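Shown here: my_file14.cif, mmCIF, C-alpha atoms and all ligand atoms.
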```
data_protein
loop_
_atom_site.label_atom_id
_atom_site.label_comp_id
_atom_site.auth_asym_id
_atom_site.auth_seq_id
_atom_site.Cartn_x
_atom_site.Cartn_y
_atom_site.Cartn_z
CA MET I 54 9.47 22.85 5.59
CA ASP I 55 9.22 22.87 9.38
CA TRP I 56 9.60 19.11 9.94
CA PRO I 57 10.05 19.37 13.74
CA ARG I 58 6.69 21.17 13.98
CA ILE I 59 5.05 18.66 11.64
CA ARG I 60 6.27 15.86 13.90
CA THR I 61 4.27 17.36 16.79
CA ASP I 62 1.09 16.64 14.80
CA PHE I 63 1.62 12.97 15.79
CA PRO I 64 0.90 12.65 19.52
CA ILE I 65 1.81 8.95 19.63
CA LEU I 66 5.46 9.65 18.80
CA ASP I 67 6.00 11.50 22.05
CA GLN I 68 6.37 8.54 24.39
CA GLN I 69 8.93 6.33 26.08
CA VAL I 70 9.15 2.61 25.34
CA HIS I 71 11.12 0.46 27.80
CA GLY I 72 12.62 3.63 29.25
CA HIS I 73 13.76 5.03 25.88
CA PRO I 74 12.18 7.54 23.51
CA LEU I 75 10.11 5.66 20.95
CA VAL I 76 11.73 5.44 17.51
CA TYR I 77 9.01 4.25 15.16
CA PHE I 78 10.58 2.72 12.03
CA ASP I 79 7.75 0.37 11.08
CA ASN I 80 5.95 2.76 8.77
CA ALA I 81 5.80 0.35 5.83
CA ALA I 82 3.58 -1.87 7.98
CA SER I 83 1.41 1.04 9.11
CA SER I 84 1.94 4.77 9.47
CA GLN I 85 1.02 6.84 12.50
CA LYS I 86 -1.99 9.18 12.48
CA PRO I 87 -1.90 12.95 12.85
CA ARG I 88 -4.17 14.72 15.31
CA SER I 89 -6.35 16.07 12.47
CA VAL I 90 -7.25 12.52 11.38
CA ILE I 91 -7.98 11.42 14.94
CA GLU I 92 -10.10 14.55 15.44
CA ALA I 93 -12.01 13.93 12.19
CA LEU I 94 -13.04 10.51 13.52
CA VAL I 95 -14.10 11.95 16.88
CA HIS I 96 -15.99 14.77 15.17
CA TYR I 97 -17.82 12.37 12.91
CA TYR I 98 -18.94 10.14 15.79
CA GLN I 99 -19.74 13.06 18.09
CA CYS I 100 -21.56 15.28 15.61
CA ASP I 101 -22.56 13.63 12.32
CA ASN I 102 -22.86 9.88 12.88
CA ALA I 103 -25.59 8.30 10.74
CA ASN I 104 -25.80 5.80 7.90
CA VAL I 105 -25.05 7.16 4.46
CA HIS I 106 -27.04 7.27 1.21
CA ARG I 107 -30.39 6.14 2.61
CA GLY I 108 -31.51 8.94 4.86
CA LEU I 109 -33.30 12.18 4.20
CA HIS I 110 -32.59 13.51 7.66
CA GLU I 111 -29.90 16.04 8.51
CA LEU I 112 -27.30 13.74 10.07
CA SER I 113 -27.53 11.22 7.25
CA MET I 114 -27.17 13.97 4.68
CA ARG I 115 -24.14 15.38 6.49
CA ALA I 116 -22.54 11.93 6.76
CA THR I 117 -23.28 11.24 3.07
CA ASP I 118 -21.80 14.56 1.95
CA ALA I 119 -18.66 14.03 4.04
CA PHE I 120 -18.35 10.44 2.80
CA GLU I 121 -18.85 11.20 -0.90
CA ALA I 122 -16.54 14.23 -0.82
CA VAL I 123 -13.67 11.85 -0.07
CA ARG I 124 -14.19 10.00 -3.35
CA GLY I 125 -13.23 13.17 -5.19
CA LYS I 126 -10.22 13.70 -2.90
CA VAL I 127 -8.95 10.19 -3.64
CA ALA I 128 -9.56 10.66 -7.38
CA ARG I 129 -7.55 13.90 -7.37
CA LEU I 130 -4.76 12.39 -5.24
CA ILE I 131 -4.09 9.59 -7.72
CA GLY I 132 -5.05 11.36 -10.94
CA ALA I 133 -8.23 9.41 -11.79
CA ALA I 134 -10.30 10.84 -14.63
CA ARG I 135 -13.50 10.85 -12.54
CA GLU I 136 -14.50 10.11 -8.99
CA GLU I 137 -16.77 7.23 -10.03
CA GLU I 138 -13.57 5.33 -10.75
CA ILE I 139 -12.86 5.07 -7.01
CA VAL I 140 -14.29 2.07 -5.16
CA PHE I 141 -13.85 2.13 -1.39
CA THR I 142 -12.49 -1.14 -0.02
CA ARG I 143 -10.85 -2.33 3.19
CA GLY I 144 -7.46 -1.78 1.58
CA THR I 145 -4.97 -3.17 -0.91
CA THR I 146 -5.71 -6.80 -0.12
CA GLU I 147 -9.44 -6.43 -0.65
CA SER I 148 -8.93 -4.33 -3.80
CA VAL I 149 -6.75 -7.00 -5.42
CA ASN I 150 -9.18 -9.73 -4.42
CA LEU I 151 -12.08 -7.84 -6.01
CA VAL I 152 -10.28 -7.78 -9.36
CA ALA I 153 -8.83 -11.29 -9.07
CA GLN I 154 -12.30 -12.63 -8.37
CA ILE I 155 -14.71 -10.57 -10.44
CA TRP I 156 -12.65 -9.48 -13.43
CA ALA I 157 -10.90 -12.83 -13.59
CA GLN I 158 -14.13 -14.84 -13.34
CA GLN I 159 -15.51 -12.98 -16.36
CA PHE I 160 -12.48 -12.57 -18.56
CA LEU I 161 -9.85 -15.20 -17.72
CA LYS I 162 -9.81 -18.56 -19.53
CA ALA I 163 -7.80 -21.76 -19.31
CA GLY I 164 -4.36 -21.29 -20.86
CA ASP I 165 -4.30 -17.50 -20.38
CA VAL I 166 -1.21 -16.14 -18.66
CA ILE I 167 -1.20 -14.06 -15.47
CA LEU I 168 2.15 -12.27 -15.40
CA LEU I 169 3.37 -11.05 -12.00
CA THR I 170 6.84 -10.41 -10.60
CA GLY I 171 9.04 -12.24 -8.14
CA MET I 172 8.70 -9.44 -5.60
CA GLU I 173 4.93 -9.35 -5.01
CA HIS I 174 3.46 -9.09 -1.54
CA HIS I 175 1.36 -12.19 -0.79
CA SER I 176 -1.74 -10.03 -1.22
CA ASN I 177 -0.87 -9.56 -4.90
CA LEU I 178 0.14 -13.18 -5.36
CA VAL I 179 -2.25 -15.49 -3.51
CA PRO I 180 -5.44 -13.94 -5.05
CA TRP I 181 -3.93 -14.63 -8.51
CA GLN I 182 -3.00 -18.17 -7.53
CA LEU I 183 -6.65 -18.67 -6.58
CA ALA I 184 -7.80 -17.08 -9.86
CA ALA I 185 -5.43 -19.35 -11.80
CA LYS I 186 -6.79 -22.40 -10.01
CA ARG I 187 -10.38 -21.43 -10.76
CA SER I 188 -9.81 -20.54 -14.42
CA GLY I 189 -7.00 -22.84 -15.51
CA ALA I 190 -4.84 -19.81 -16.30
CA VAL I 191 -1.07 -20.07 -15.89
CA LEU I 192 1.03 -17.92 -13.53
CA LYS I 193 4.37 -16.53 -14.67
CA HIS I 194 6.76 -14.16 -12.95
CA ILE I 195 9.31 -11.59 -14.04
CA PRO I 196 12.47 -12.60 -12.13
CA VAL I 197 14.25 -10.32 -9.69
CA LEU I 198 17.93 -9.52 -10.26
CA GLU I 199 20.55 -9.64 -7.52
CA ASP I 200 20.36 -5.83 -7.13
CA GLY I 201 16.64 -6.08 -6.34
CA THR I 202 15.36 -4.70 -9.66
CA LEU I 203 13.25 -6.62 -12.16
CA ASP I 204 15.01 -8.50 -14.93
CA LEU I 205 13.45 -6.57 -17.78
CA SER I 206 15.50 -8.52 -20.33
CA THR I 207 12.96 -11.33 -19.85
CA LEU I 208 10.06 -9.16 -21.03
CA ASP I 209 10.46 -10.05 -24.72
CA SER I 210 9.86 -13.70 -23.95
CA LEU I 211 7.37 -13.24 -21.08
CA MET I 212 5.10 -10.44 -22.37
CA THR I 213 3.30 -12.41 -25.07
CA GLU I 214 -0.19 -12.30 -26.57
CA GLN I 215 -1.19 -14.99 -24.04
CA VAL I 216 -0.74 -12.56 -21.15
CA LYS I 217 -4.22 -11.41 -20.10
CA VAL I 218 -3.26 -10.00 -16.70
CA PHE I 219 -0.15 -8.07 -15.77
CA SER I 220 0.20 -7.01 -12.16
CA CYS I 221 3.10 -5.72 -10.11
CA VAL I 222 4.00 -3.78 -7.03
CA HIS I 223 4.76 -0.07 -7.50
CA ILE I 224 7.24 0.14 -4.58
CA SER I 225 8.40 -3.11 -3.01
CA ASN I 226 7.77 -3.38 0.75
CA SER I 227 10.69 -5.80 1.10
CA LEU I 228 13.34 -4.27 -1.15
CA GLY I 229 12.31 -0.64 -1.60
CA THR I 230 12.57 -1.11 -5.38
CA MET I 231 10.58 1.43 -7.39
CA ASN I 232 9.32 -0.42 -10.43
CA PRO I 233 9.01 1.29 -13.84
CA VAL I 234 5.24 0.84 -13.79
CA ARG I 235 4.55 3.18 -16.69
CA GLU I 236 6.83 1.27 -19.07
CA LEU I 237 5.58 -2.08 -17.80
CA CYS I 238 1.93 -1.10 -18.26
CA ALA I 239 2.70 0.16 -21.79
CA ARG I 240 4.27 -3.21 -22.65
CA ALA I 241 1.30 -5.04 -21.15
CA ARG I 242 -1.22 -2.85 -22.97
CA ALA I 243 0.55 -3.53 -26.26
CA VAL I 244 -0.28 -7.24 -25.90
CA GLY I 245 -3.83 -6.48 -24.77
CA ALA I 246 -3.36 -7.42 -21.10
CA MET I 247 -5.32 -5.93 -18.21
CA THR I 248 -3.00 -4.16 -15.74
CA LEU I 249 -3.22 -3.78 -11.98
CA ILE I 250 -0.66 -1.94 -9.83
CA ASP I 251 -0.25 -2.56 -6.10
CA GLY I 252 0.33 0.92 -4.73
CA ALA I 253 0.31 0.06 -1.01
CA GLN I 254 3.76 1.61 -0.47
CA ALA I 255 3.37 4.39 -3.02
CA VAL I 256 0.21 6.43 -2.42
CA GLY I 257 0.88 9.20 0.10
CA HIS I 258 4.63 8.64 -0.35
CA VAL I 259 5.29 9.60 -3.97
CA PRO I 260 3.14 11.42 -6.53
CA VAL I 261 0.86 8.88 -8.23
CA ASP I 262 -0.98 9.52 -11.50
CA VAL I 263 -2.93 6.49 -12.65
CA GLN I 264 -3.61 8.01 -16.06
CA ALA I 265 0.09 8.70 -16.66
CA ILE I 266 0.93 5.18 -15.46
CA GLY I 267 -1.71 3.90 -17.86
CA CYS I 268 -2.94 1.08 -15.60
CA ASP I 269 -6.46 -0.34 -15.60
CA PHE I 270 -6.58 -0.83 -11.83
CA TYR I 271 -4.59 0.59 -8.93
CA ALA I 272 -4.92 -0.64 -5.33
CA PHE I 273 -3.89 1.03 -2.07
CA SER I 274 -4.46 1.14 1.69
CA GLY I 275 -5.24 4.19 3.80
CA HIS I 276 -3.41 3.06 6.93
CA LYS I 277 0.03 3.40 5.33
CA MET I 278 -0.66 7.08 4.56
CA CYS I 279 -1.93 8.49 7.86
CA ALA I 280 -5.53 7.26 7.52
CA PRO I 281 -7.23 4.70 9.79
CA THR I 282 -6.94 0.95 9.31
CA GLY I 283 -9.72 -0.86 7.47
CA ILE I 284 -10.10 1.62 4.62
CA GLY I 285 -8.50 1.89 1.20
CA ALA I 286 -9.51 2.03 -2.41
CA LEU I 287 -9.48 0.42 -5.78
CA TYR I 288 -9.12 2.67 -8.79
CA GLY I 289 -10.58 1.13 -11.93
CA ARG I 290 -10.86 2.58 -15.42
CA TYR I 291 -14.56 3.36 -15.69
CA ALA I 292 -15.29 1.35 -18.83
CA LEU I 293 -13.72 -1.66 -17.19
CA LEU I 294 -15.61 -1.26 -13.92
CA GLU I 295 -18.80 -0.91 -15.95
CA SER I 296 -18.13 -4.18 -17.75
CA MET I 297 -17.77 -6.08 -14.48
CA ASP I 298 -20.36 -8.03 -12.49
CA PRO I 299 -20.97 -7.07 -8.87
CA TRP I 300 -18.90 -8.64 -6.10
CA HIS I 301 -20.86 -8.83 -2.85
CA GLY I 302 -24.63 -8.73 -3.10
CA GLY I 303 -26.61 -6.65 -0.62
CA GLY I 304 -28.00 -3.23 0.08
CA GLU I 305 -26.79 -0.13 -1.78
CA MET I 306 -25.52 -1.95 -4.87
CA ILE I 307 -28.91 -2.52 -6.50
CA ASN I 308 -31.52 -0.45 -8.33
CA ARG I 309 -34.56 -2.73 -8.27
CA VAL I 310 -34.99 -6.03 -6.48
CA THR I 311 -37.74 -8.62 -6.86
CA LEU I 312 -37.88 -11.96 -5.09
CA GLU I 313 -36.29 -13.55 -8.14
CA THR I 314 -33.82 -11.05 -9.53
CA SER I 315 -32.11 -7.67 -9.21
CA ASP I 316 -30.48 -5.11 -11.37
CA TYR I 317 -27.33 -3.41 -10.24
CA LYS I 318 -26.24 0.16 -9.80
CA ALA I 319 -23.50 1.65 -11.91
CA PRO I 320 -19.97 1.66 -10.46
CA PRO I 321 -18.74 2.44 -7.90
CA ALA I 322 -21.95 1.64 -5.92
CA ARG I 323 -22.14 -1.76 -7.64
CA PHE I 324 -19.02 -2.80 -5.71
CA GLU I 325 -19.91 -1.27 -2.35
CA ALA I 326 -22.62 -3.50 -0.86
CA GLY I 327 -23.73 -2.85 2.70
CA THR I 328 -22.96 -0.09 5.15
CA PRO I 329 -19.42 1.12 4.37
CA ASP I 330 -16.69 2.14 6.80
CA ILE I 331 -18.03 5.69 6.96
CA ALA I 332 -15.67 6.88 9.70
CA GLY I 333 -12.76 5.24 7.88
CA VAL I 334 -13.58 7.08 4.67
CA ILE I 335 -13.88 10.38 6.52
CA GLY I 336 -10.53 9.64 8.20
CA LEU I 337 -9.03 8.90 4.79
CA GLY I 338 -10.28 12.27 3.56
CA ALA I 339 -8.69 14.02 6.56
CA ALA I 340 -5.43 12.16 5.88
CA ILE I 341 -5.42 13.29 2.24
CA ASP I 342 -6.08 16.90 3.31
CA TYR I 343 -3.23 16.62 5.81
CA LEU I 344 -0.75 15.13 3.31
CA ASN I 345 -1.72 17.73 0.71
CA SER I 346 -1.13 20.51 3.25
CA ILE I 347 2.52 19.36 3.38
CA GLY I 348 2.72 18.35 -0.30
CA ILE I 349 3.39 14.85 -1.64
CA ALA I 350 6.53 16.01 -3.45
CA ALA I 351 7.92 17.44 -0.19
CA ILE I 352 7.06 14.18 1.59
CA GLU I 353 8.83 12.18 -1.10
CA ALA I 354 11.94 14.36 -0.85
CA ARG I 355 12.00 14.20 2.96
CA CYS I 356 11.67 10.40 2.95
CA ALA I 357 14.40 10.11 0.31
CA GLU I 358 16.73 12.18 2.53
CA LEU I 359 16.15 10.01 5.60
CA THR I 360 16.42 6.80 3.57
CA LYS I 361 19.69 7.89 1.94
CA LEU I 362 21.16 8.74 5.33
CA ALA I 363 20.06 5.40 6.80
CA TYR I 364 21.30 3.41 3.80
CA THR I 365 24.71 5.10 3.85
CA ARG I 366 25.17 4.75 7.60
CA MET I 367 23.93 1.16 7.66
CA SER I 368 26.23 0.08 4.85
CA GLU I 369 29.13 0.84 7.23
CA LEU I 370 27.99 -1.81 9.74
CA PRO I 371 30.17 -4.94 9.88
CA GLY I 372 28.51 -8.12 8.58
CA ILE I 373 25.45 -6.34 7.11
CA ARG I 374 23.82 -7.21 3.79
CA LEU I 375 21.49 -4.56 2.40
CA LEU I 376 18.80 -5.72 0.00
CA GLY I 377 17.41 -3.78 -2.93
CA PRO I 378 18.89 -1.07 -5.15
CA GLU I 379 20.68 1.82 -3.47
CA SER I 380 18.66 4.36 -5.40
CA PRO I 381 16.02 5.16 -6.29
CA ARG I 382 14.28 3.39 -3.46
CA GLY I 383 11.17 3.70 -1.34
CA ALA I 384 11.47 4.85 2.26
CA LEU I 385 12.85 1.67 3.74
CA VAL I 386 16.06 -0.28 4.24
CA ALA I 387 15.86 -4.06 4.55
CA PHE I 388 18.92 -5.88 5.78
CA ALA I 389 20.37 -9.08 7.11
CA LEU I 390 23.01 -9.16 9.85
CA GLU I 391 25.44 -12.08 9.82
CA CYS I 392 25.41 -12.27 13.60
CA ALA I 393 21.68 -12.21 14.39
CA HIS I 394 18.38 -13.66 13.19
CA PRO I 395 15.94 -10.86 12.27
CA HIS I 396 13.54 -11.80 15.08
CA ASP I 397 16.34 -11.67 17.68
CA LEU I 398 17.51 -8.32 16.34
CA VAL I 399 14.00 -6.84 16.34
CA GLU I 400 13.46 -8.02 19.93
CA PHE I 401 16.77 -6.48 20.94
CA ALA I 402 15.80 -3.20 19.23
CA ASN I 403 12.44 -3.23 21.01
CA THR I 404 14.13 -3.27 24.43
CA GLN I 405 15.72 0.03 23.35
CA GLY I 406 12.45 1.60 22.19
CA LEU I 407 13.18 1.05 18.48
CA ALA I 408 10.34 -0.41 16.39
CA LEU I 409 11.71 -2.41 13.45
CA ARG I 410 10.07 -5.30 11.64
CA GLY I 411 11.67 -8.68 11.11
CA GLY I 412 10.53 -11.64 9.05
CA HIS I 413 9.48 -12.40 5.51
CA HIS I 414 7.31 -9.28 5.18
CA CYS I 415 4.66 -11.34 3.35
CA THR I 416 7.08 -11.93 0.47
CA GLN I 417 8.22 -15.50 1.10
CA PRO I 418 9.19 -16.24 -2.54
CA LEU I 419 11.43 -13.16 -2.50
CA MET I 420 13.17 -14.33 0.70
CA LYS I 421 13.80 -17.66 -1.01
CA ARG I 422 15.18 -15.83 -4.05
CA PHE I 423 17.70 -14.03 -1.83
CA LYS I 424 18.37 -17.17 0.24
CA VAL I 425 17.51 -15.55 3.57
CA PRO I 426 14.96 -16.77 6.14
CA GLY I 427 13.81 -13.18 6.49
CA THR I 428 15.21 -9.69 6.89
CA SER I 429 15.04 -6.84 9.35
CA ARG I 430 13.50 -3.68 8.01
CA ALA I 431 13.58 -0.03 9.01
CA SER I 432 10.92 2.01 7.22
CA PHE I 433 10.50 5.75 7.39
CA TYR I 434 7.91 8.46 6.98
CA PHE I 435 8.22 12.22 6.87
CA TYR I 436 7.83 12.65 10.65
CA ASN I 437 10.99 10.64 11.37
CA THR I 438 14.24 12.47 12.01
CA GLU I 439 17.96 12.25 11.36
CA ALA I 440 18.48 11.95 15.13
CA GLU I 441 16.30 8.83 15.10
CA VAL I 442 18.40 7.33 12.30
CA GLU I 443 21.51 7.99 14.44
CA ARG I 444 19.79 6.42 17.45
CA MET I 445 19.04 3.33 15.33
CA MET I 446 22.71 3.19 14.33
CA ASP I 447 23.76 3.22 18.03
CA ILE I 448 21.36 0.36 18.71
CA LEU I 449 22.52 -1.63 15.67
CA HIS I 450 26.16 -1.24 16.74
CA GLN I 451 25.22 -2.42 20.24
CA ALA I 452 23.40 -5.37 18.66
CA VAL I 453 26.44 -6.35 16.59
CA THR I 454 28.56 -6.38 19.77
CA PHE I 455 25.86 -8.25 21.72
CA PHE I 456 25.24 -11.00 19.15
CA SER I 457 28.81 -11.46 17.87
N1 LIG I 501 1.10 -4.70 -0.97
C1 LIG I 501 2.22 -4.20 -0.44
C2 LIG I 501 3.35 -3.77 -1.31
C3 LIG I 501 2.30 -4.04 0.95
O1 LIG I 501 3.39 -3.52 1.49
C4 LIG I 501 1.21 -4.45 1.76
C5 LIG I 501 1.28 -4.40 3.25
C6 LIG I 501 0.06 -4.95 1.13
C7 LIG I 501 0.05 -5.06 -0.24
C8 LIG I 501 -1.17 -5.31 1.89
O2 LIG I 501 -1.77 -4.18 2.42
P1 LIG I 501 -3.03 -4.29 3.38
O3 LIG I 501 -3.22 -2.91 3.87
O4 LIG I 501 -4.16 -4.80 2.56
O5 LIG I 501 -2.64 -5.27 4.46
N2 LIG I 501 2.59 -4.47 3.76
C9 LIG I 501 2.97 -4.74 5.03
C10 LIG I 501 4.30 -4.78 5.41
O6 LIG I 501 5.25 -4.58 4.67
N3 LIG I 501 4.37 -5.07 6.73
O7 LIG I 501 3.12 -5.21 7.19
C11 LIG I 501 2.23 -4.99 6.14
#
```

Encoded form (C-alpha cells):
Amino acid sequence: MDWPRIRTDFPILDQQVHGHPLVYFDNAASSQKPRSVIEALVHYYQCDNANVHRGLHELSMRATDAFEAVRGKVARLIGAAREEEIVFTRGTTESVNLVAQIWAQQFLKAGDVILLTGMEHHSNLVPWQLAAKRSGAVLKHIPVLEDGTLDLSTLDSLMTEQVKVFSCVHISNSLGTMNPVRELCARARAVGAMTLIDGAQAVGHVPVDVQAIGCDFYAFSGHKMCAPTGIGALYGRYALLESMDPWHGGGEMINRVTLETSDYKAPPARFEAGTPDIAGVIGLGAAIDYLNSIGIAAIEARCAELTKLAYTRMSELPGIRLLGPESPRGALVAFALECAHPHDLVEFANTQGLALRGGHHCTQPLMKRFKVPGTSRASFYFYNTEAEVERMMDILHQAVTFFS
C-alpha cells in the first residue's frame, strides 16, 4: 500500500503549527477528512442541494438518491442484514440515547439489571444512569483488571436472568482494549438480555460485522472515520426497531396525521423526524467509499503497526506508565508521566506542533479505577507515519527533561 501517497489525500496534515510540522495524534477524538469527502460536501451544496424525500423535482430526487444510497453503504460496512436496520443519528452519543430512552422506556422495569463495564465512555454510561433512574432498574458493571482488560471471571455472578440490558464499548478510547464483544453478546443473549455495542472507536478502524457479533444494537460516529462531524448511525436488529415507539415526533416519521393522532412509518423513518443532515450523510458515504478503496483490513494492519511501534518506543521512557493491554489494542497509547500532569504535557507538545489529548477522556470512573487524575493519549490513523512517532518520542524526551 502506498501510504505516503494516501497521506496526501489529507490536505490539513500539510501545515506548520508553532513553527513545526503538524503531528496529528488526536484521531480517537476526531479523524481528519480526505479531499474526496470535502469535495463530496462541496459538490452536494453546489450541484444537488435540496430537501430529501418530499420533492418530486430533479434536485430533491438527486439529493434523496444520494442520501438513501448511503444507508446501503453503512449496512454493508458493518454487516447489517438489510439497509432498513440503519438509522442515521448525530453519532454514537445520540444513538445510545435513542436506545436508552425508547427501548428502555418500553421494556425496562424496576429491579431489572443494566450491565455495563467499568471502561465505558460517559456517552454509554450517563444515558443508562438516566434510564435506571426513570425505570428503577439497577446498574452493574463488569470490573476492569489492572492490565486494562475486563474481569470476565465475574460474568458467572453478574450475567444473571435479571440482566435485561448488556452494553459495552468495542474498543476503549482510554485504554485501547479490544473487548471480546462476540462472546459477551452470546453470554448476554443466553440470559435474554438486549445488547448494544459502542463502536465509536471500531467502525472504519477494524472490520465490523454486527451479525457475527450478534448484538441487537451497534452505535458509531462518522467523524472518527473520515466523515464530517454531526453524523453517525445506529444499527438495530429490524424486529427490535419495529417493536419500538418513535423517538422525536415531527415530519417524515409519520404516515397519516389528524389533529388528534398519528400513525408512524416503519423503521428507519420512524426514528428520523425532521430534515436530516443530508450533507453529513453524503459525506459519510464518501468516507465509506474512501476507506473501502484502501480496505478496512489494510487500515487495521497499518494502525496496528504504528501503535506497536509507539507502544514499544514509549515503554522505554523513564517514569512512564502505559495503560491498557499491550496487544491486541486499538490505535492509541494512553500514558501517565511521573514528572508532568497530562494537561501540562499536552500544552508542551502543542508548542512543538504535536496534537495529543490529555484528561479523563470522558471516562472518569476508569481514571478513578487506575488512580490517575487523567492520562495523555496519542491516537493514530492510517495516514500517520513512523517518522511522526519518532518525532513524538523526541518531544516526549524533551518533556521529561523539561518537567523533571
Ligand atoms: N464512545 C467512545 C468509545 C468514544 O471514544 C466516543 C468519543 C464516544 C462514545 C462519543 O462519540 P460522539 O461522536 O458521540 O461524541 N470519544 C472521544 C475521545 O476519546 N476524545 O474525544 C471524543

Inset, instruction - Identify, counting only C-alpha atoms and all ligand atoms, the protein, DNA and RNA residues located within 6 Å of ligand LIG 501 (chain I), and give them as a ChimeraX atom specification. - result: /I:81-82,144-146,174,176,222,225-226,251,253-254,274,414

Legend entry - Pick from I:Met446, I:Leu168, I:Leu375, I:Val259 nearest to Ala402 of chain I, counting all atoms listed in the file: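 Between I:Met446, I:Leu168, I:Leu375, I:Val259, the residue approaching Ala402 of chain I most closely is I:Met446.
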
Within 9 Å of segment 193-203 of chain I, which residues of segment 338-389 of chain I come that close, and what is the closest atom pair and distance in Å for each? Count all atoms listed in the file and give it as JSON lines.
```
{"residue": "I:Leu376", "atom": "CA", "partner": "I:Gly201", "partner_atom": "CA", "distance": 6.7}
{"residue": "I:Gly377", "atom": "CA", "partner": "I:Gly201", "partner_atom": "CA", "distance": 4.2}
{"residue": "I:Pro378", "atom": "CA", "partner": "I:Asp200", "partner_atom": "CA", "distance": 5.4}
{"residue": "I:Glu379", "atom": "CA", "partner": "I:Asp200", "partner_atom": "CA", "distance": 8.5}
```

Legend entry - Which of I:Leu183, I:Val256, I:Leu151, I:Ala103 sits closest to Gly289 of chain I [using all atoms listed in the file]: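 Using all atoms listed in the file, Gly289 of chain I sits closest to I:Leu151.
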
Inset, instruction - Quote the spacing between atom CA of Pro321 of chain I and atom CA of Gln264 of chain I in Å to one decimal place. - result: 18.1 Å

Inset, instruction - Using atom CA of His301 of chain I and atom CA of Val152 of chain I as the two end points, give the distance in Å to one decimal. - result: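 Going from atom CA of His301 of chain I over to atom CA of Val152 of chain I covers 12.5 Å.
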
Could you rebuild segment 77-82 of chain I with all heavy atoms and give me the result as a PDB file, keeping the file's coordinate frame?
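out-v5.pdb, written as the output of this step:
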```
ATOM      1  N   TYR I  77       9.956   5.079  15.918  1.00  0.00           N
ATOM      2  CA  TYR I  77       9.010   4.250  15.160  1.00  0.00           C
ATOM      3  C   TYR I  77       9.483   4.139  13.700  1.00  0.00           C
ATOM      4  O   TYR I  77       9.294   5.057  12.900  1.00  0.00           O
ATOM      5  CB  TYR I  77       7.604   4.847  15.227  1.00  0.00           C
ATOM      6  CG  TYR I  77       6.574   3.953  14.564  1.00  0.00           C
ATOM      7  CD1 TYR I  77       6.082   2.827  15.217  1.00  0.00           C
ATOM      8  CD2 TYR I  77       6.120   4.208  13.268  1.00  0.00           C
ATOM      9  CE1 TYR I  77       5.168   1.980  14.608  1.00  0.00           C
ATOM     10  CE2 TYR I  77       5.217   3.368  12.648  1.00  0.00           C
ATOM     11  CZ  TYR I  77       4.734   2.256  13.330  1.00  0.00           C
ATOM     12  OH  TYR I  77       3.831   1.424  12.714  1.00  0.00           O
ATOM     13  N   PHE I  78      10.084   2.985  13.396  1.00  0.00           N
ATOM     14  CA  PHE I  78      10.580   2.720  12.030  1.00  0.00           C
ATOM     15  C   PHE I  78       9.857   1.515  11.447  1.00  0.00           C
ATOM     16  O   PHE I  78      10.482   0.659  10.819  1.00  0.00           O
ATOM     17  CB  PHE I  78      12.097   2.491  12.051  1.00  0.00           C
ATOM     18  CG  PHE I  78      12.934   3.743  12.142  1.00  0.00           C
ATOM     19  CD1 PHE I  78      14.315   3.661  12.306  1.00  0.00           C
ATOM     20  CD2 PHE I  78      12.371   5.009  12.033  1.00  0.00           C
ATOM     21  CE1 PHE I  78      15.104   4.802  12.365  1.00  0.00           C
ATOM     22  CE2 PHE I  78      13.145   6.161  12.108  1.00  0.00           C
ATOM     23  CZ  PHE I  78      14.518   6.053  12.275  1.00  0.00           C
ATOM     24  N   ASP I  79       8.545   1.453  11.674  1.00  0.00           N
ATOM     25  CA  ASP I  79       7.750   0.370  11.080  1.00  0.00           C
ATOM     26  C   ASP I  79       6.628   0.961  10.228  1.00  0.00           C
ATOM     27  O   ASP I  79       5.505   0.474  10.206  1.00  0.00           O
ATOM     28  CB  ASP I  79       7.189  -0.543  12.178  1.00  0.00           C
ATOM     29  CG  ASP I  79       6.668  -1.862  11.600  1.00  0.00           C
ATOM     30  OD1 ASP I  79       7.061  -2.206  10.462  1.00  0.00           O
ATOM     31  OD2 ASP I  79       5.866  -2.527  12.274  1.00  0.00           O
ATOM     32  N   ASN I  80       6.970   2.029   9.534  1.00  0.00           N
ATOM     33  CA  ASN I  80       5.950   2.760   8.770  1.00  0.00           C
ATOM     34  C   ASN I  80       5.448   2.010   7.545  1.00  0.00           C
ATOM     35  O   ASN I  80       4.328   2.241   7.098  1.00  0.00           O
ATOM     36  CB  ASN I  80       6.514   4.113   8.360  1.00  0.00           C
ATOM     37  CG  ASN I  80       6.771   4.982   9.568  1.00  0.00           C
ATOM     38  OD1 ASN I  80       5.832   5.494  10.164  1.00  0.00           O
ATOM     39  ND2 ASN I  80       8.033   5.118   9.969  1.00  0.00           N
ATOM     40  N   ALA I  81       6.264   1.102   7.007  1.00  0.00           N
ATOM     41  CA  ALA I  81       5.800   0.350   5.830  1.00  0.00           C
ATOM     42  C   ALA I  81       4.684  -0.622   6.234  1.00  0.00           C
ATOM     43  O   ALA I  81       3.870  -1.004   5.403  1.00  0.00           O
ATOM     44  CB  ALA I  81       6.960  -0.405   5.205  1.00  0.00           C
ATOM     45  N   ALA I  82       4.670  -1.011   7.522  1.00  0.00           N
ATOM     46  CA  ALA I  82       3.580  -1.870   7.980  1.00  0.00           C
ATOM     47  C   ALA I  82       2.338  -1.029   8.236  1.00  0.00           C
ATOM     48  O   ALA I  82       1.225  -1.392   7.833  1.00  0.00           O
ATOM     49  CB  ALA I  82       3.983  -2.620   9.241  1.00  0.00           C
TER      50      ALA I  82
END
```
